[in-house]
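What follows is protein-v3.csv (CSV, C-alpha atoms).
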chain,number,residue,atom,x,y,z
M,1,MET,CA,8.9,-9.0,3.0
M,2,LYS,CA,6.0,-6.8,2.3
M,3,VAL,CA,2.6,-7.6,0.7
M,4,ARG,CA,3.5,-5.4,-2.3
M,5,ASP,CA,6.4,-7.7,-3.0
M,6,VAL,CA,4.3,-10.8,-3.5
M,7,MET,CA,0.7,-9.6,-4.4
M,8,THR,CA,-0.8,-9.7,-7.8
M,9,ASP,CA,-0.7,-6.1,-9.0
M,10,ARG,CA,-3.8,-4.2,-9.9
M,11,ASN,CA,-2.7,-4.0,-13.5
M,12,GLN,CA,-2.7,-7.8,-13.8
M,13,LEU,CA,-6.2,-8.2,-12.3
M,14,GLN,CA,-9.4,-8.7,-14.4
M,15,CYS,CA,-12.1,-6.5,-12.9
M,16,VAL,CA,-15.9,-6.1,-13.4
M,17,THR,CA,-18.5,-3.6,-12.3
M,18,THR,CA,-21.8,-4.2,-10.5
M,19,VAL,CA,-23.7,-4.1,-13.8
M,20,SER,CA,-21.6,-6.7,-15.6
M,21,PHE,CA,-23.5,-9.9,-16.4
M,22,LEU,CA,-22.4,-13.3,-15.0
M,23,PRO,CA,-21.5,-14.9,-18.3
M,24,GLU,CA,-19.0,-12.1,-18.9
M,25,VAL,CA,-17.5,-12.7,-15.4
M,26,ALA,CA,-17.2,-16.4,-16.1
M,27,LYS,CA,-15.4,-15.7,-19.3
M,28,LYS,CA,-13.0,-13.4,-17.6
M,29,MET,CA,-12.4,-16.0,-14.9
M,30,LYS,CA,-11.6,-18.6,-17.6
M,31,GLU,CA,-9.2,-16.3,-19.4
M,32,ALA,CA,-7.4,-15.3,-16.3
M,33,ASP,CA,-7.5,-18.8,-14.8
M,34,THR,CA,-8.9,-17.4,-11.5
M,35,GLY,CA,-11.9,-18.1,-9.3
M,36,VAL,CA,-12.3,-14.5,-8.1
M,37,ILE,CA,-12.7,-11.1,-9.7
M,38,PRO,CA,-12.8,-7.8,-8.0
M,39,VAL,CA,-15.9,-5.7,-8.5
M,40,VAL,CA,-15.1,-2.0,-8.9
M,41,ASP,CA,-17.1,1.2,-9.2
M,42,GLU,CA,-18.2,2.1,-12.7
M,43,GLN,CA,-16.8,5.6,-12.5
M,44,ASP,CA,-13.8,5.0,-10.3
M,45,LYS,CA,-12.2,1.8,-11.5
M,46,ASP,CA,-9.8,1.8,-8.5
M,47,LYS,CA,-12.6,1.8,-5.9
M,48,ILE,CA,-13.4,-1.8,-4.9
M,49,LEU,CA,-17.0,-2.6,-4.0
M,50,GLY,CA,-16.8,-6.3,-3.6
M,51,LEU,CA,-15.7,-9.6,-5.1
M,52,ILE,CA,-17.4,-12.1,-7.3
M,53,THR,CA,-16.3,-15.7,-7.1
M,54,ASP,CA,-16.9,-18.9,-9.1
M,55,ARG,CA,-18.6,-20.1,-5.9
M,56,ASP,CA,-21.0,-17.1,-5.9
M,57,ILE,CA,-21.9,-17.8,-9.5
M,58,THR,CA,-22.4,-21.5,-8.9
M,59,ILE,CA,-24.2,-21.5,-5.5
M,60,ARG,CA,-26.1,-18.2,-5.7
M,61,ALA,CA,-27.1,-18.2,-9.4
M,62,VAL,CA,-26.7,-21.6,-11.2
M,63,ALA,CA,-28.0,-23.7,-8.4
M,64,GLU,CA,-31.0,-21.4,-8.0
M,65,GLY,CA,-31.9,-21.6,-11.7
M,66,ILE,CA,-31.3,-18.0,-12.3
M,67,ASP,CA,-31.3,-16.9,-16.0
M,68,LEU,CA,-27.6,-16.1,-16.3
M,69,ALA,CA,-28.0,-13.9,-19.3
M,70,LYS,CA,-29.9,-11.5,-17.2
M,71,ALA,CA,-28.0,-11.9,-13.9
M,72,LYS,CA,-25.9,-8.9,-12.9
M,73,VAL,CA,-22.9,-9.0,-10.6
M,74,GLN,CA,-24.5,-6.7,-8.0
M,75,ASP,CA,-27.0,-9.4,-7.1
M,76,PHE,CA,-24.5,-12.1,-6.5
M,77,MET,CA,-21.2,-10.5,-5.3
M,78,SER,CA,-19.7,-10.7,-1.9
M,79,LYS,CA,-19.6,-7.3,-0.3
M,80,ASN,CA,-17.7,-8.1,2.9
M,81,LEU,CA,-14.1,-7.5,2.0
M,82,ASP,CA,-11.0,-8.6,3.9
M,83,CYS,CA,-8.4,-5.9,3.1
M,84,VAL,CA,-4.8,-5.1,4.0
M,85,THR,CA,-2.4,-2.4,2.9
M,86,SER,CA,0.6,-3.1,0.6
M,87,ASP,CA,3.1,-2.2,3.3
M,88,LEU,CA,1.9,-4.9,5.7
M,89,ASP,CA,4.5,-7.6,6.4
M,90,THR,CA,3.7,-10.9,4.7
M,91,THR,CA,4.0,-12.7,8.0
M,92,GLN,CA,1.2,-10.6,9.4
M,93,ALA,CA,-0.8,-11.1,6.2
M,94,ALA,CA,-0.5,-14.9,6.7
M,95,LYS,CA,-1.7,-14.5,10.2
M,96,GLU,CA,-4.7,-12.5,9.0
M,97,MET,CA,-5.6,-15.2,6.5
M,98,ALA,CA,-5.3,-17.9,9.0
M,99,SER,CA,-7.2,-16.2,11.7
M,100,ARG,CA,-10.0,-15.3,9.3
M,101,GLN,CA,-9.8,-18.6,7.5
M,102,ILE,CA,-9.6,-17.0,4.1
M,103,LYS,CA,-7.6,-17.7,0.9
M,104,ARG,CA,-7.2,-14.1,-0.3
M,105,LEU,CA,-7.0,-10.5,0.8
M,106,CYS,CA,-7.8,-7.3,-1.2
M,107,VAL,CA,-4.8,-4.9,-1.1
M,108,VAL,CA,-6.0,-1.4,-0.7
M,109,ASP,CA,-3.9,1.8,-0.3
M,110,ASN,CA,-5.6,5.2,0.3
M,111,GLY,CA,-9.0,3.7,-0.6
M,112,LYS,CA,-7.8,2.4,-3.9
M,113,LEU,CA,-7.4,-1.2,-5.0
M,114,VAL,CA,-3.7,-1.9,-5.7
M,115,GLY,CA,-3.7,-5.6,-5.9
M,116,MET,CA,-4.8,-9.0,-4.5
M,117,LEU,CA,-2.9,-11.3,-2.2
M,118,ALA,CA,-3.7,-15.0,-2.5
M,119,LEU,CA,-2.5,-17.8,-0.4
M,120,GLY,CA,-0.8,-19.1,-3.5
M,121,ASP,CA,1.2,-15.8,-3.7
M,122,LEU,CA,2.5,-16.4,-0.2
M,123,ALA,CA,3.2,-20.1,-0.9
M,124,GLU,CA,5.1,-19.2,-4.1
M,125,PHE,CA,7.2,-16.3,-2.8
M,126,ALA,CA,7.3,-16.8,0.9
M,127,SER,CA,6.6,-20.6,1.4
M,128,GLU,CA,7.0,-20.6,5.1
M,129,GLN,CA,4.3,-18.0,5.7
M,130,GLY,CA,2.0,-19.6,3.1
M,131,GLU,CA,2.4,-23.0,4.6
M,132,LYS,CA,1.6,-21.7,8.1
M,133,ALA,CA,-1.5,-19.8,6.8
M,134,LEU,CA,-2.6,-22.9,4.9
M,135,GLU,CA,-2.2,-25.0,8.1
M,136,GLY,CA,-4.3,-22.6,10.0
M,137,ILE,CA,-7.0,-22.5,7.4
M,138,SER,CA,-7.0,-26.2,6.9
M,139,HIS,CA,-7.2,-27.1,10.6
M,140,GLY,CA,-9.4,-24.2,11.7
M,141,ALA,CA,-6.7,-23.1,14.1
M,142,LYS,CA,-5.4,-19.6,14.5
M,143,PHE,CA,-1.9,-19.1,13.3
M,144,GLU,CA,0.5,-18.5,16.2
M,145,GLN,CA,4.1,-17.6,15.6
M,146,LYS,CA,6.6,-19.9,17.4
M,147,LYS,CA,8.6,-18.2,20.1

Could you render the structure as structure tokens?
Amino acid sequence: MKVRDVMTDRNQLQCVTTVSFLPEVAKKMKEADTGVIPVVDEQDKDKILGLITDRDITIRAVAEGIDLAKAKVQDFMSKNLDCVTSDLDTTQAAKEMASRQIKRLCVVDNGKLVGMLALGDLAEFASEQGEKALEGISHGAKFEQKK
């Protein structure tokens, strides 16, 4: 099975730009029932620049006493992205998640955001790979395929 078969498609993702304000991001997170939103370029909405998470907002802004009404995404987003292509096998994607100890991957084809792959996507549609990735993330161990 390929990543494209289980990922959340770009058309289903809520996105923001670097100049969006944090309260707007939080509202989008609530509406979409998600803890992460891709940050895209203002002119090229398919070019991903980073991610903003509920943790970014809480730890980097709220806990620091920042005036949220004036706080822009560009100052709090995570810029180091973990990306894969949509044609990657889900088993390999699960290995990537486990080895990097992450819960989600940006899916990018030809420099364009085409979706997001979350651990929950793998667990829902490919339970074996999702369980193995979760095991690796939870235990801090790298995923190794059984021979």

*In terms of the shortest atom-to-atom distance over only C-alpha atoms, which of M:Thr58, M:Asp41, M:Gln12, M:Arg4 is closest to M:Asp109?*
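The closest residue to M:Asp109 is M:Arg4.
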
*asked:* What's around M:Val40 at 12 Å? Count all atoms listed in the file, leave out sequence neighbours fewer than 3 positions away in its own chain, and write the answer as a list in words.
replied: Arg10, Leu13, Gln14, Cys15, Val16, Thr17, Thr18, Val19, Ser20, Ile37, Gln43, Asp44, Lys45, Asp46, Lys47, Ile48, Leu49, Gly50, Leu51, Ile52, Val73, Gln74, Met77, Lys79, Cys106, Gly111, Lys112, Leu113 and Val114 of chain M

*Grab the atom CA of M:Asp9 to atom CA of M:Ser78 distance for me, in Å with one decimal place.*
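Taking atom CA of M:Asp9 and atom CA of M:Ser78, their separation equals 20.8 Å.
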
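Shortest separation to M:Asp82 among M:Leu22, M:Val108, M:Val62, M:Met29 occurs at residue M:Val108, atoms counted being only C-alpha atoms.
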
*With all atoms listed in the file as the atoms that count, which of M:Lys70, M:Ala93, M:Val84, M:Thr53 lies nearest to M:Pro38?*
M:Thr53

_Local residues around (0.3, -11.3, -6.0), at most 6 Å away, using only C-alpha atoms, as an MDAnalysis selection string_ = chainID M and resid 6:8 116:117 121

Restrict the output to stretch 105-118 of chain M and all heavy atoms, then write it as a PDB file, in the first residue's frame.
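Okay, selection30.pdb is ready:
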ATOM      1  N   LEU M 105       3.956  12.892   9.018  1.00  0.00           N
ATOM      2  CA  LEU M 105       4.860  13.240   7.932  1.00  0.00           C
ATOM      3  C   LEU M 105       4.115  14.111   6.934  1.00  0.00           C
ATOM      4  O   LEU M 105       2.945  13.850   6.626  1.00  0.00           O
ATOM      5  CB  LEU M 105       5.345  11.979   7.206  1.00  0.00           C
ATOM      6  CG  LEU M 105       6.255  11.029   7.969  1.00  0.00           C
ATOM      7  CD1 LEU M 105       6.320   9.683   7.271  1.00  0.00           C
ATOM      8  CD2 LEU M 105       7.648  11.629   8.096  1.00  0.00           C
ATOM      9  N   CYS M 106       4.784  15.126   6.425  1.00  0.00           N
ATOM     10  CA  CYS M 106       4.227  15.909   5.325  1.00  0.00           C
ATOM     11  C   CYS M 106       4.419  15.090   4.062  1.00  0.00           C
ATOM     12  O   CYS M 106       5.462  14.470   3.870  1.00  0.00           O
ATOM     13  CB  CYS M 106       4.970  17.234   5.183  1.00  0.00           C
ATOM     14  SG  CYS M 106       4.900  18.258   6.658  1.00  0.00           S
ATOM     15  N   VAL M 107       3.428  15.097   3.197  1.00  0.00           N
ATOM     16  CA  VAL M 107       3.528  14.378   1.932  1.00  0.00           C
ATOM     17  C   VAL M 107       3.666  15.422   0.839  1.00  0.00           C
ATOM     18  O   VAL M 107       2.779  16.258   0.641  1.00  0.00           O
ATOM     19  CB  VAL M 107       2.300  13.472   1.693  1.00  0.00           C
ATOM     20  CG1 VAL M 107       2.484  12.667   0.410  1.00  0.00           C
ATOM     21  CG2 VAL M 107       2.068  12.545   2.887  1.00  0.00           C
ATOM     22  N   VAL M 108       4.816  15.373   0.156  1.00  0.00           N
ATOM     23  CA  VAL M 108       5.165  16.387  -0.824  1.00  0.00           C
ATOM     24  C   VAL M 108       5.605  15.703  -2.117  1.00  0.00           C
ATOM     25  O   VAL M 108       6.458  14.816  -2.101  1.00  0.00           O
ATOM     26  CB  VAL M 108       6.316  17.293  -0.303  1.00  0.00           C
ATOM     27  CG1 VAL M 108       6.731  18.313  -1.343  1.00  0.00           C
ATOM     28  CG2 VAL M 108       5.905  17.973   0.999  1.00  0.00           C
ATOM     29  N   ASP M 109       4.992  16.104  -3.206  1.00  0.00           N
ATOM     30  CA  ASP M 109       5.378  15.625  -4.537  1.00  0.00           C
ATOM     31  C   ASP M 109       5.772  16.823  -5.386  1.00  0.00           C
ATOM     32  O   ASP M 109       5.027  17.811  -5.440  1.00  0.00           O
ATOM     33  CB  ASP M 109       4.226  14.879  -5.217  1.00  0.00           C
ATOM     34  CG  ASP M 109       3.934  13.523  -4.596  1.00  0.00           C
ATOM     35  OD1 ASP M 109       4.829  12.945  -3.947  1.00  0.00           O
ATOM     36  OD2 ASP M 109       2.799  13.035  -4.764  1.00  0.00           O
ATOM     37  N   ASN M 110       6.927  16.756  -6.007  1.00  0.00           N
ATOM     38  CA  ASN M 110       7.410  17.833  -6.878  1.00  0.00           C
ATOM     39  C   ASN M 110       7.365  19.191  -6.183  1.00  0.00           C
ATOM     40  O   ASN M 110       6.981  20.194  -6.779  1.00  0.00           O
ATOM     41  CB  ASN M 110       6.606  17.879  -8.185  1.00  0.00           C
ATOM     42  CG  ASN M 110       6.699  16.589  -8.956  1.00  0.00           C
ATOM     43  OD1 ASN M 110       7.777  16.013  -9.105  1.00  0.00           O
ATOM     44  ND2 ASN M 110       5.566  16.104  -9.428  1.00  0.00           N
ATOM     45  N   GLY M 111       7.746  19.210  -4.913  1.00  0.00           N
ATOM     46  CA  GLY M 111       7.805  20.451  -4.159  1.00  0.00           C
ATOM     47  C   GLY M 111       6.460  20.996  -3.705  1.00  0.00           C
ATOM     48  O   GLY M 111       6.394  22.087  -3.149  1.00  0.00           O
ATOM     49  N   LYS M 112       5.399  20.266  -3.935  1.00  0.00           N
ATOM     50  CA  LYS M 112       4.050  20.717  -3.582  1.00  0.00           C
ATOM     51  C   LYS M 112       3.458  19.824  -2.489  1.00  0.00           C
ATOM     52  O   LYS M 112       3.550  18.599  -2.547  1.00  0.00           O
ATOM     53  CB  LYS M 112       3.115  20.669  -4.802  1.00  0.00           C
ATOM     54  CG  LYS M 112       3.592  21.480  -5.981  1.00  0.00           C
ATOM     55  CD  LYS M 112       3.430  22.951  -5.741  1.00  0.00           C
ATOM     56  CE  LYS M 112       3.814  23.759  -6.965  1.00  0.00           C
ATOM     57  NZ  LYS M 112       3.785  25.175  -6.712  1.00  0.00           N
ATOM     58  N   LEU M 113       2.804  20.443  -1.518  1.00  0.00           N
ATOM     59  CA  LEU M 113       2.112  19.721  -0.468  1.00  0.00           C
ATOM     60  C   LEU M 113       0.913  18.998  -1.074  1.00  0.00           C
ATOM     61  O   LEU M 113       0.056  19.623  -1.680  1.00  0.00           O
ATOM     62  CB  LEU M 113       1.639  20.688   0.623  1.00  0.00           C
ATOM     63  CG  LEU M 113       0.818  20.086   1.761  1.00  0.00           C
ATOM     64  CD1 LEU M 113       1.666  19.135   2.594  1.00  0.00           C
ATOM     65  CD2 LEU M 113       0.241  21.199   2.639  1.00  0.00           C
ATOM     66  N   VAL M 114       0.874  17.665  -0.909  1.00  0.00           N
ATOM     67  CA  VAL M 114      -0.254  16.896  -1.428  1.00  0.00           C
ATOM     68  C   VAL M 114      -1.043  16.223  -0.311  1.00  0.00           C
ATOM     69  O   VAL M 114      -2.120  15.674  -0.547  1.00  0.00           O
ATOM     70  CB  VAL M 114       0.186  15.847  -2.476  1.00  0.00           C
ATOM     71  CG1 VAL M 114       0.760  16.536  -3.707  1.00  0.00           C
ATOM     72  CG2 VAL M 114       1.159  14.845  -1.902  1.00  0.00           C
ATOM     73  N   GLY M 115      -0.510  16.260   0.918  1.00  0.00           N
ATOM     74  CA  GLY M 115      -1.236  15.663   2.029  1.00  0.00           C
ATOM     75  C   GLY M 115      -0.390  15.553   3.281  1.00  0.00           C
ATOM     76  O   GLY M 115       0.743  16.037   3.329  1.00  0.00           O
ATOM     77  N   MET M 116      -0.989  14.934   4.292  1.00  0.00           N
ATOM     78  CA  MET M 116      -0.298  14.659   5.552  1.00  0.00           C
ATOM     79  C   MET M 116      -0.572  13.202   5.900  1.00  0.00           C
ATOM     80  O   MET M 116      -1.688  12.718   5.707  1.00  0.00           O
ATOM     81  CB  MET M 116      -0.838  15.544   6.684  1.00  0.00           C
ATOM     82  CG  MET M 116      -0.522  17.000   6.549  1.00  0.00           C
ATOM     83  SD  MET M 116       1.151  17.430   7.025  1.00  0.00           S
ATOM     84  CE  MET M 116       1.118  17.083   8.756  1.00  0.00           C
ATOM     85  N   LEU M 117       0.442  12.559   6.415  1.00  0.00           N
ATOM     86  CA  LEU M 117       0.304  11.184   6.883  1.00  0.00           C
ATOM     87  C   LEU M 117       0.526  11.182   8.380  1.00  0.00           C
ATOM     88  O   LEU M 117       1.595  11.564   8.852  1.00  0.00           O
ATOM     89  CB  LEU M 117       1.318  10.263   6.201  1.00  0.00           C
ATOM     90  CG  LEU M 117       1.239   8.803   6.634  1.00  0.00           C
ATOM     91  CD1 LEU M 117      -0.052   8.171   6.138  1.00  0.00           C
ATOM     92  CD2 LEU M 117       2.444   8.037   6.126  1.00  0.00           C
ATOM     93  N   ALA M 118      -0.498  10.779   9.116  1.00  0.00           N
ATOM     94  CA  ALA M 118      -0.406  10.710  10.567  1.00  0.00           C
ATOM     95  C   ALA M 118      -0.365   9.252  11.001  1.00  0.00           C
ATOM     96  O   ALA M 118      -0.813   8.357  10.279  1.00  0.00           O
ATOM     97  CB  ALA M 118      -1.594  11.417  11.203  1.00  0.00           C
TER      98      ALA M 118
END
